[in-house]
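The structure appears below as structure tokens.
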Amino acid sequence: MDSLYFLIPIAIIFVATAVKLFFWAVNNGQYDDLETEGRRILFDDDEPAEARREDSDGDGAGEC
Amino acid sequence: MTATACFHCGLPVPAGSRHSVVIDGAERPMCCPGCEAVAGAIVAGGLDNFYRFRDSRSERPETESRDSQWAAYDLVEVQRQFVHDGEDGRKVAGLLVGGITCAACVWLIEKHLGQLDGVERVSVNASTQRARVGFDPGKIRPAQLFAELARIGYRPAPATAANSEQLLQSERRAALRRLGVAGLGTMQVMMFAIALYFGASSGIDGELQRYLRWVSLLVATPVVLYAARPFFSAALRSLRGRHLSMDVPVSLAIGLAYGASFYATVFNTGEVYFESISMFTFFLLLGRTVEMRARHRAGLASGGLAQLLPLTANRVDGQRLESVPVAALAVGDRILLRPGETIAADGEVIEGRSGVDESLLSGESALQPKSRGSRVYAGSVNGDSSLTVRVTAAGSSTRLSAIERLVERAQLEKPRQVALADRVAGWFVGLVLCAALVAFAVWWQLDPSRAFWVALSVLVVTCPCALSLATPAALAAATLRLQQLGLLVAGGQLLETLPRLTRTVFDKTGTLTRGEPRILQVQPLRDGVAEQRVVDIAAALESRTDHPLARAFRAWRGNLHAVDVQVHTGLGLEGCVDGVDYRLGRSDFAASRPPAVPQEEGQWLLLADASGPLAWIALGDRLRTSARDAVAGLERAGLAVELLSGDQSGEVQRLAAAAGIGHWRAGASPEHKLEHLQQLQRDGERVLMVGDGLNDVPVLSGADASVAMMSAADLAQSRADAILLSGDLRVLWQAVALARRCRTIVRQNLVWALGYNALALPLAVFGLVPPWAAAIGMSISSLVVVLNALRLSRHDAPLSREREAGNEGQAEGPLSSS
């Protein structure tokens with residue numbers, strides 16, 4: 001049980017760091033737009049032109 | 001007729017329309033020149049991937065953008081409001097961008113603006129609809145940014161102080177920080193609490209117990225002092241206002257439980273409740289954050305009345321014409337209004353004849369003819385030819401501002417509902433305090449050493465956790481569910497009001513109907529004349545005008561070309577198509593011996609050439625396909641339905657019949673509408689108002705509950721309790737059903753919470769509740785309430801399945817008869 005006297009303060013330091021990190025992220029605007037940023041990775045711009053043509057054949061009009 | 005959907009906006013493409021754009025190697029149909037231009041601009045910029053990335057359809061651009069319309073944003077005094085200095089000579093413009101529907105829009109805007117020479121950095125926020133653009137003023141003008149945004153189908157506006165999001169942003173960030181502290185703190189304290197629970201039941205080293213309590217105190221302190229602060233300040237406010245809101249018992253519970261636990265920890269006596277306090281704070285904050293986000297989203301687009309007015313006006317100074325900011329206009333100035341311009345001030349026409357669209361003020365969709373001596377009002381749009389106007393009222397003395405004041409008055413007089421929980425809170429606090437005092441007094445006689453702890457355990461056990469969570473948890477779940485269904489709830493009271501409503505009042509234009517003219521019917525009067533040919537000729541003639549009725553022909557614009565088009569205000573048009581002269585308009589204008597006007601619905605225009613009448617074209621506003629079902633559904637739910645319109649009676653009567661509405665009133669001005677509403681309220685009715693235009697805003701503000709359409713004027717949206725995102729009116733009775741279910745769940749929660757307290761209170765008074773049991777009981781009763789509320793988020797009305805199968809009104813062509 002003695003290890004608790006040592007481990008809990010470490011845990012609290014971790015939590016304090018997490019809170020600090022979270023504050024930084026919020027104040028830095030990381031949580032301002034929850035919709036876009038998660039999807040941005042999907043919008044790639046550098047794919048070869050041929051591949052693009054093939055993928056898009058399946059798209060129905062106005063379905064997306 | 002099978003309708004194809006427009007590739008850009010998803011609305012049906014009318015038969016005979018020949019607009020298309022090549023996207024991704026295939027020709028895609030477009031419904032109108034507006035969509036065609038936008039899609040063309042997107043493809044030309046090499047950004048056609050947008051159509052693969054997006055997951056919701058784009059909005060249809062309402063009018064084609066003219067680059068000149070943005071020129072006002074180059075004036076220094078206008079720029080001052082939204083352009084700020086950046087680093088080394090750069091400027092940063094804050095823009096409010098309307099029409100962002102999904103994440104792909106952000107990508108498109110950032111890419112498109114980023115390609116322009118002189119634009120350095122673009123960042124767009126989809127949830128606030130704001131864009132910040134860093135640019136080099138030497139290479140690009142702000143007006144070009146506006147024009148480029150309009151070219152790819154968005155509606156740019158300056159993000160001025162009036163619609164500044166600074167305040168909202170800091171409020172949102174503070175709420176998130178509090179939520180984070182409460183969440184992380186709760187997790188930690190819970191872990192220590194579990195050790196303490198086990199210790200209490202199976203024995204624990206005294207020193208270790210003290211240690212764990214001290215650590216819990218350390219972690220719970222920021223939760224109480226930082227995260228729970230909004231409750232304390234709200235409670236203080238309500239006490240100062242001499243009224244007991246739910247915040248008072250909440251603060252009392254948090255404060256007392258924390259104080260007692262603090263005392264117990266420091267003096268190593270009694271019991272601690274840190275985990276209950278933290279969890280309670282966390283759940284309450286979660287509910288409030290959800291509510292706040294919904295409220296903010298609804299209020300974002302609003303720029304107030306000022307946005308309805310143009311930024312500049314053309315002042316006539318002798319022979320000179322100069323462009324001045326609207327704020328500089330004074331009574332007596334003369335201004336020139338070109339066709340299509342919005343009038344900046346009230347005034348009197350001194351030269352010219354034109355039709356003016358006053359639908360913003362009166363709801364009347366037909367153009368009002370104006371000539372020398374007529375009065376025109378700020379906010380209305382000049383139709384077909386130029387007018388010179390002497391300003392009689394500007395700024396806050398215009399009729400538009402009078403409507404705004406009417407809105408404020410209506411809001412003050414709006415019937416207030418006291419939230420159920422707040423009504424309960426009053427006597428609950430009293431009861432608990434009395435019980436604690438009685439327990440203290442009695443135990444003081446029996447055993448003075450236990451009196452304090454028994455009194456405290458009464459206060460803690462009856463902590464109104466479950467009670468105060470009962471309502472907000474259910475409201476938050478219902479709000480989220482309604483948002484999924486397509487109704488954005490902005491006013492927190494809406495869900496409490498909906499189940500009690502007795503009457504629904506609909507506005508006509510833009511609410512029950514789509515709010516734009518369409519071709520209802522074509523009747524050829526001569527053999528061998530194809531309907532399509534008639535429509536093409538009419539579209540060619542109408543293509544040069546800004547007349548509201550001309551919008552009905554937008555889809556066929558460009559199939560044929562007209563030359564020498566002349567506009568005769570209030571009468572019609574004449575012009576030459578393929579070498580033949582045509583006239584289109586009122587029957588006596590188009591032909592010398594006109595045939596009798598058909599008796600059927602709609603506004604009939606006659607198309608004629610030199611040898612006589614060619615065809616009748618009926619234009620009219622069309623009922624939304626969901627209107628009939630919505631009316632029937634609301635009546636089944638026990639609500640009376642009524643139509644209240646500013647339009648003329650014949651049209652209103654016809655639409656009321658088509659939608660199945662028995663009661664209707666026509667020709668009502670904004671004042672009349674409000675009066676009628678207040679009369680209904682005096683008769684004991686609780687009214688839901690569904691409206692769209694600016695003329696409905698006073699009624700929306702004054703009604704017990706109000707819903708604005710997505711297409712509504714910004715002001716209407718900001719004053720309504722909810723916004724109908726999908727345009728599907730059937731969501732209304734679904735919302736009523738959901739609100740009734742929400743009320744049931746709130747009642748279940750309240751019964752549970754009060755039942756728990758009723759059971760725990762006597763036990764605590766007799767000193768029978770071991771403190772660890774009190775803590776667990778508190779936590780479990782809160783969890784039960786939250787889980788019960790979550791059932792609402794799975795509430796599934798039969799409609800939503802049906803709606804997925806066939807999207808509302810999309811498969812409807814303008815030429816098909818209704």
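Residues in the structure tokens are named by chain (A, B, ... in the order shown) and by number from 1 within that chain; ligands are numbered from 1 in the order shown.
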
(request) At a cut-off of 6 Å, list the chain B residues touching chain A, using only C-alpha atoms, as a list in words. (result)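 Here they are: Phe7, Gly10, Asp55, Ala103, Asn125 and Ser127 of chain B.
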
(message) So that I can see what lies close to B:Leu47, please list as a count of residues only the residues with an atom at most 12 Å from it, counting only C-alpha atoms and leaving out residues fewer than 4 positions away in the same chain.
(response) 28

Check stretch 530-658 of chain B with DSSP on the backbone and list each residue it calls helix (DSSP H, G or I), as a PDB file with N, CA and C atoms, in the first residue's frame.
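Result written to result11.pdb:
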ATOM      1  N   GLU B 531     -45.960  23.966 -75.821  1.00  0.00           N
ATOM      2  CA  GLU B 531     -45.806  24.606 -74.513  1.00  0.00           C
ATOM      3  C   GLU B 531     -44.368  25.024 -74.268  1.00  0.00           C
ATOM      4  N   GLN B 532     -43.442  24.137 -74.671  1.00  0.00           N
ATOM      5  CA  GLN B 532     -42.031  24.398 -74.426  1.00  0.00           C
ATOM      6  C   GLN B 532     -41.579  25.663 -75.143  1.00  0.00           C
ATOM      7  N   ARG B 533     -42.082  25.830 -76.373  1.00  0.00           N
ATOM      8  CA  ARG B 533     -41.715  27.003 -77.162  1.00  0.00           C
ATOM      9  C   ARG B 533     -42.201  28.279 -76.455  1.00  0.00           C
ATOM     10  N   VAL B 534     -43.429  28.226 -75.936  1.00  0.00           N
ATOM     11  CA  VAL B 534     -44.006  29.367 -75.231  1.00  0.00           C
ATOM     12  C   VAL B 534     -43.133  29.736 -74.037  1.00  0.00           C
ATOM     13  N   VAL B 535     -42.747  28.715 -73.257  1.00  0.00           N
ATOM     14  CA  VAL B 535     -41.941  28.961 -72.062  1.00  0.00           C
ATOM     15  C   VAL B 535     -40.578  29.537 -72.441  1.00  0.00           C
ATOM     16  N   ASP B 536     -39.985  28.988 -73.506  1.00  0.00           N
ATOM     17  CA  ASP B 536     -38.667  29.486 -73.923  1.00  0.00           C
ATOM     18  C   ASP B 536     -38.733  30.954 -74.336  1.00  0.00           C
ATOM     19  N   ILE B 537     -39.787  31.314 -75.099  1.00  0.00           N
ATOM     20  CA  ILE B 537     -39.920  32.702 -75.538  1.00  0.00           C
ATOM     21  C   ILE B 537     -40.092  33.615 -74.332  1.00  0.00           C
ATOM     22  N   ALA B 538     -40.985  33.200 -73.421  1.00  0.00           N
ATOM     23  CA  ALA B 538     -41.232  34.022 -72.234  1.00  0.00           C
ATOM     24  C   ALA B 538     -39.954  34.179 -71.417  1.00  0.00           C
ATOM     25  N   ALA B 539     -39.185  33.094 -71.286  1.00  0.00           N
ATOM     26  CA  ALA B 539     -37.950  33.147 -70.505  1.00  0.00           C
ATOM     27  C   ALA B 539     -36.954  34.097 -71.144  1.00  0.00           C
ATOM     28  N   ALA B 540     -36.892  34.085 -72.481  1.00  0.00           N
ATOM     29  CA  ALA B 540     -35.966  34.970 -73.180  1.00  0.00           C
ATOM     30  C   ALA B 540     -36.352  36.424 -72.928  1.00  0.00           C
ATOM     31  N   LEU B 541     -37.664  36.715 -72.980  1.00  0.00           N
ATOM     32  CA  LEU B 541     -38.119  38.086 -72.748  1.00  0.00           C
ATOM     33  C   LEU B 541     -37.839  38.511 -71.311  1.00  0.00           C
ATOM     34  N   GLU B 542     -38.058  37.609 -70.364  1.00  0.00           N
ATOM     35  CA  GLU B 542     -37.922  37.952 -68.948  1.00  0.00           C
ATOM     36  C   GLU B 542     -36.481  37.966 -68.472  1.00  0.00           C
ATOM     37  N   PRO B 548     -39.789  40.089 -59.659  1.00  0.00           N
ATOM     38  CA  PRO B 548     -39.872  38.818 -58.925  1.00  0.00           C
ATOM     39  C   PRO B 548     -40.496  37.690 -59.748  1.00  0.00           C
ATOM     40  N   LEU B 549     -41.480  38.046 -60.594  1.00  0.00           N
ATOM     41  CA  LEU B 549     -42.122  36.990 -61.371  1.00  0.00           C
ATOM     42  C   LEU B 549     -41.158  36.377 -62.387  1.00  0.00           C
ATOM     43  N   ALA B 550     -40.129  37.160 -62.766  1.00  0.00           N
ATOM     44  CA  ALA B 550     -39.194  36.657 -63.767  1.00  0.00           C
ATOM     45  C   ALA B 550     -38.449  35.427 -63.255  1.00  0.00           C
ATOM     46  N   ARG B 551     -38.411  35.283 -61.928  1.00  0.00           N
ATOM     47  CA  ARG B 551     -37.677  34.138 -61.380  1.00  0.00           C
ATOM     48  C   ARG B 551     -38.310  32.817 -61.762  1.00  0.00           C
ATOM     49  N   ALA B 552     -39.612  32.859 -62.064  1.00  0.00           N
ATOM     50  CA  ALA B 552     -40.289  31.629 -62.472  1.00  0.00           C
ATOM     51  C   ALA B 552     -39.697  31.071 -63.753  1.00  0.00           C
ATOM     52  N   PHE B 553     -39.088  31.950 -64.555  1.00  0.00           N
ATOM     53  CA  PHE B 553     -38.596  31.519 -65.870  1.00  0.00           C
ATOM     54  C   PHE B 553     -37.108  31.230 -65.870  1.00  0.00           C
ATOM     55  N   ARG B 554     -36.476  31.328 -64.700  1.00  0.00           N
ATOM     56  CA  ARG B 554     -35.003  31.231 -64.655  1.00  0.00           C
ATOM     57  C   ARG B 554     -34.445  29.990 -65.315  1.00  0.00           C
ATOM     58  N   ALA B 555     -35.144  28.861 -65.136  1.00  0.00           N
ATOM     59  CA  ALA B 555     -34.587  27.602 -65.608  1.00  0.00           C
ATOM     60  C   ALA B 555     -34.431  27.560 -67.122  1.00  0.00           C
ATOM     61  N   TRP B 556     -35.261  28.294 -67.849  1.00  0.00           N
ATOM     62  CA  TRP B 556     -35.244  28.182 -69.313  1.00  0.00           C
ATOM     63  C   TRP B 556     -34.508  29.344 -69.960  1.00  0.00           C
ATOM     64  N   SER B 587     -53.248  41.014 -70.024  1.00  0.00           N
ATOM     65  CA  SER B 587     -53.895  40.647 -71.282  1.00  0.00           C
ATOM     66  C   SER B 587     -54.192  41.873 -72.143  1.00  0.00           C
ATOM     67  N   ASP B 588     -54.641  42.995 -71.520  1.00  0.00           N
ATOM     68  CA  ASP B 588     -54.990  44.156 -72.348  1.00  0.00           C
ATOM     69  C   ASP B 588     -53.757  44.850 -72.905  1.00  0.00           C
ATOM     70  N   PHE B 589     -52.600  44.551 -72.315  1.00  0.00           N
ATOM     71  CA  PHE B 589     -51.367  45.126 -72.848  1.00  0.00           C
ATOM     72  C   PHE B 589     -50.841  44.266 -74.001  1.00  0.00           C
ATOM     73  N   ALA B 590     -50.921  42.950 -73.851  1.00  0.00           N
ATOM     74  CA  ALA B 590     -50.305  42.055 -74.816  1.00  0.00           C
ATOM     75  C   ALA B 590     -51.074  42.028 -76.145  1.00  0.00           C
ATOM     76  N   ALA B 627     -47.102  20.377 -46.648  1.00  0.00           N
ATOM     77  CA  ALA B 627     -48.035  21.233 -45.915  1.00  0.00           C
ATOM     78  C   ALA B 627     -49.302  20.490 -45.493  1.00  0.00           C
ATOM     79  N   ARG B 628     -49.889  19.752 -46.436  1.00  0.00           N
ATOM     80  CA  ARG B 628     -51.158  19.082 -46.154  1.00  0.00           C
ATOM     81  C   ARG B 628     -51.004  18.066 -45.026  1.00  0.00           C
ATOM     82  N   ASP B 629     -49.972  17.253 -45.137  1.00  0.00           N
ATOM     83  CA  ASP B 629     -49.712  16.249 -44.090  1.00  0.00           C
ATOM     84  C   ASP B 629     -49.476  16.917 -42.745  1.00  0.00           C
ATOM     85  N   ALA B 630     -48.735  18.029 -42.783  1.00  0.00           N
ATOM     86  CA  ALA B 630     -48.396  18.714 -41.539  1.00  0.00           C
ATOM     87  C   ALA B 630     -49.662  19.231 -40.868  1.00  0.00           C
ATOM     88  N   VAL B 631     -50.555  19.834 -41.666  1.00  0.00           N
ATOM     89  CA  VAL B 631     -51.793  20.368 -41.108  1.00  0.00           C
ATOM     90  C   VAL B 631     -52.616  19.238 -40.514  1.00  0.00           C
ATOM     91  N   ALA B 632     -52.745  18.134 -41.280  1.00  0.00           N
ATOM     92  CA  ALA B 632     -53.523  16.996 -40.793  1.00  0.00           C
ATOM     93  C   ALA B 632     -52.902  16.450 -39.507  1.00  0.00           C
ATOM     94  N   GLY B 633     -51.583  16.342 -39.480  1.00  0.00           N
ATOM     95  CA  GLY B 633     -50.894  15.793 -38.308  1.00  0.00           C
ATOM     96  C   GLY B 633     -51.093  16.659 -37.079  1.00  0.00           C
ATOM     97  N   LEU B 634     -50.991  17.986 -37.266  1.00  0.00           N
ATOM     98  CA  LEU B 634     -51.163  18.893 -36.140  1.00  0.00           C
ATOM     99  C   LEU B 634     -52.588  18.828 -35.619  1.00  0.00           C
ATOM    100  N   GLU B 635     -53.559  18.684 -36.552  1.00  0.00           N
ATOM    101  CA  GLU B 635     -54.948  18.604 -36.096  1.00  0.00           C
ATOM    102  C   GLU B 635     -55.190  17.300 -35.350  1.00  0.00           C
ATOM    103  N   ARG B 636     -54.560  16.223 -35.833  1.00  0.00           N
ATOM    104  CA  ARG B 636     -54.687  14.947 -35.110  1.00  0.00           C
ATOM    105  C   ARG B 636     -54.114  15.079 -33.704  1.00  0.00           C
ATOM    106  N   SER B 649     -57.088  38.205 -50.492  1.00  0.00           N
ATOM    107  CA  SER B 649     -57.911  37.119 -49.981  1.00  0.00           C
ATOM    108  C   SER B 649     -58.080  35.931 -50.923  1.00  0.00           C
ATOM    109  N   GLY B 650     -58.219  36.175 -52.235  1.00  0.00           N
ATOM    110  CA  GLY B 650     -58.507  35.066 -53.148  1.00  0.00           C
ATOM    111  C   GLY B 650     -57.440  33.989 -53.082  1.00  0.00           C
ATOM    112  N   GLU B 651     -56.209  34.457 -53.148  1.00  0.00           N
ATOM    113  CA  GLU B 651     -55.068  33.561 -53.139  1.00  0.00           C
ATOM    114  C   GLU B 651     -54.981  32.810 -51.796  1.00  0.00           C
ATOM    115  N   VAL B 652     -55.231  33.547 -50.714  1.00  0.00           N
ATOM    116  CA  VAL B 652     -55.146  32.951 -49.384  1.00  0.00           C
ATOM    117  C   VAL B 652     -56.204  31.865 -49.220  1.00  0.00           C
ATOM    118  N   GLN B 653     -57.414  32.167 -49.705  1.00  0.00           N
ATOM    119  CA  GLN B 653     -58.509  31.224 -49.584  1.00  0.00           C
ATOM    120  C   GLN B 653     -58.191  29.932 -50.333  1.00  0.00           C
ATOM    121  N   ARG B 654     -57.646  30.115 -51.535  1.00  0.00           N
ATOM    122  CA  ARG B 654     -57.324  28.961 -52.354  1.00  0.00           C
ATOM    123  C   ARG B 654     -56.279  28.074 -51.671  1.00  0.00           C
ATOM    124  N   LEU B 655     -55.234  28.734 -51.121  1.00  0.00           N
ATOM    125  CA  LEU B 655     -54.172  27.963 -50.475  1.00  0.00           C
ATOM    126  C   LEU B 655     -54.656  27.289 -49.205  1.00  0.00           C
ATOM    127  N   ALA B 656     -55.510  28.010 -48.453  1.00  0.00           N
ATOM    128  CA  ALA B 656     -56.040  27.433 -47.223  1.00  0.00           C
ATOM    129  C   ALA B 656     -56.811  26.167 -47.562  1.00  0.00           C
ATOM    130  N   ALA B 657     -57.602  26.237 -48.632  1.00  0.00           N
ATOM    131  CA  ALA B 657     -58.372  25.067 -49.037  1.00  0.00           C
ATOM    132  C   ALA B 657     -57.428  23.941 -49.447  1.00  0.00           C
ATOM    133  N   ALA B 658     -56.393  24.286 -50.211  1.00  0.00           N
ATOM    134  CA  ALA B 658     -55.471  23.255 -50.698  1.00  0.00           C
ATOM    135  C   ALA B 658     -54.728  22.580 -49.548  1.00  0.00           C
TER     136      ALA B 658
END

(request) Extract, using only C-alpha atoms, all DNA, RNA and protein residues at most 10 Å from B:Trp443, discarding same-chain residues fewer than 2 positions from it, and format them as an MDAnalysis selection string. (result) chainID B and resid 437:441 445:455 765:767

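Coordinates place atom CA of B:Leu688 at a distance of 12.5 Å from atom CA of B:Glu496.
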
(request) Using DSSP on the backbone coordinates, identify the residues of stretch 417-631 of chain B assigned to strand (DSSP E); present them as a ChimeraX atom specification. (result) /B:487-489,503-506,513-524,562-568,572-577,580-585,603-609,612-623

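The space between atom CA of B:Phe231 and atom CA of B:Met190 spans 21.9 Å.
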
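Relative to atom CA of B:Val563, atom CA of B:Asp384 is found at 16.9 Å.
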
(request) Pick out the residues sitting within 10 Å of B:Gln603, and hand them over as JSON, numbers by chain; count only C-alpha atoms, and ignore anything fewer than 3 positions along from it in its own chain. (result) {"B": [366, 517, 519, 520, 549, 586, 597, 598, 600, 616, 617, 618, 619, 620, 621, 651]}

Do a neighbour search on B:Ser276 at 12 Å with only C-alpha atoms, toss out local chain neighbours closer than 2 positions, and write the hits as a CSV table (one decimal) with C-alpha atoms, in the first residue's frame.
chain,number,residue,atom,x,y,z
B,182,ALA,CA,-15.2,18.8,-14.1
B,185,GLY,CA,-11.7,15.9,-11.8
B,186,THR,CA,-14.7,13.6,-11.6
B,187,MET,CA,-12.7,10.7,-13.0
B,189,VAL,CA,-12.1,11.6,-7.4
B,190,MET,CA,-14.2,8.6,-8.4
B,193,ALA,CA,-13.9,7.2,-3.8
B,194,ILE,CA,-13.9,3.6,-4.8
B,216,SER,CA,-9.8,14.0,-3.1
B,220,ALA,CA,-12.4,18.4,-6.1
B,223,VAL,CA,-14.1,21.5,-9.7
B,224,VAL,CA,-16.1,23.4,-7.1
B,253,ALA,CA,-26.0,21.4,-2.2
B,254,ILE,CA,-22.6,21.8,-3.8
B,257,ALA,CA,-21.5,19.2,0.8
B,258,TYR,CA,-18.1,20.7,-0.1
B,261,SER,CA,-16.4,17.4,3.4
B,272,VAL,CA,-16.7,13.2,2.6
B,273,TYR,CA,-18.8,13.6,-0.5
B,274,PHE,CA,-16.3,14.8,-3.0
B,278,SER,CA,-17.9,16.4,-8.9
B,279,MET,CA,-20.1,14.1,-10.8
B,280,PHE,CA,-23.1,16.3,-10.2
B,281,THR,CA,-21.3,19.3,-11.4
B,282,PHE,CA,-20.1,17.5,-14.5
B,283,PHE,CA,-23.6,16.3,-15.5
B,460,VAL,CA,-26.6,16.1,1.6
B,461,VAL,CA,-28.9,13.1,1.2
B,463,CYS,CA,-29.1,17.1,-2.4
B,464,PRO,CA,-31.3,18.0,-5.3
B,465,CYS,CA,-29.0,16.2,-7.8
B,466,ALA,CA,-31.6,14.1,-9.4
B,771,PRO,CA,-22.8,8.4,4.9
B,772,TRP,CA,-21.3,6.1,2.2
B,773,ALA,CA,-24.8,4.9,1.5
B,774,ALA,CA,-25.9,8.5,1.1
B,775,ALA,CA,-23.2,9.2,-1.4
B,776,ILE,CA,-23.9,6.1,-3.5
B,777,GLY,CA,-27.6,6.8,-3.3
B,778,MET,CA,-27.1,10.3,-4.6
B,779,SER,CA,-24.9,9.2,-7.5
B,780,ILE,CA,-27.2,6.3,-8.5
B,781,SER,CA,-30.3,8.5,-8.4
B,782,SER,CA,-28.6,11.0,-10.7
B,783,LEU,CA,-27.4,8.3,-13.1
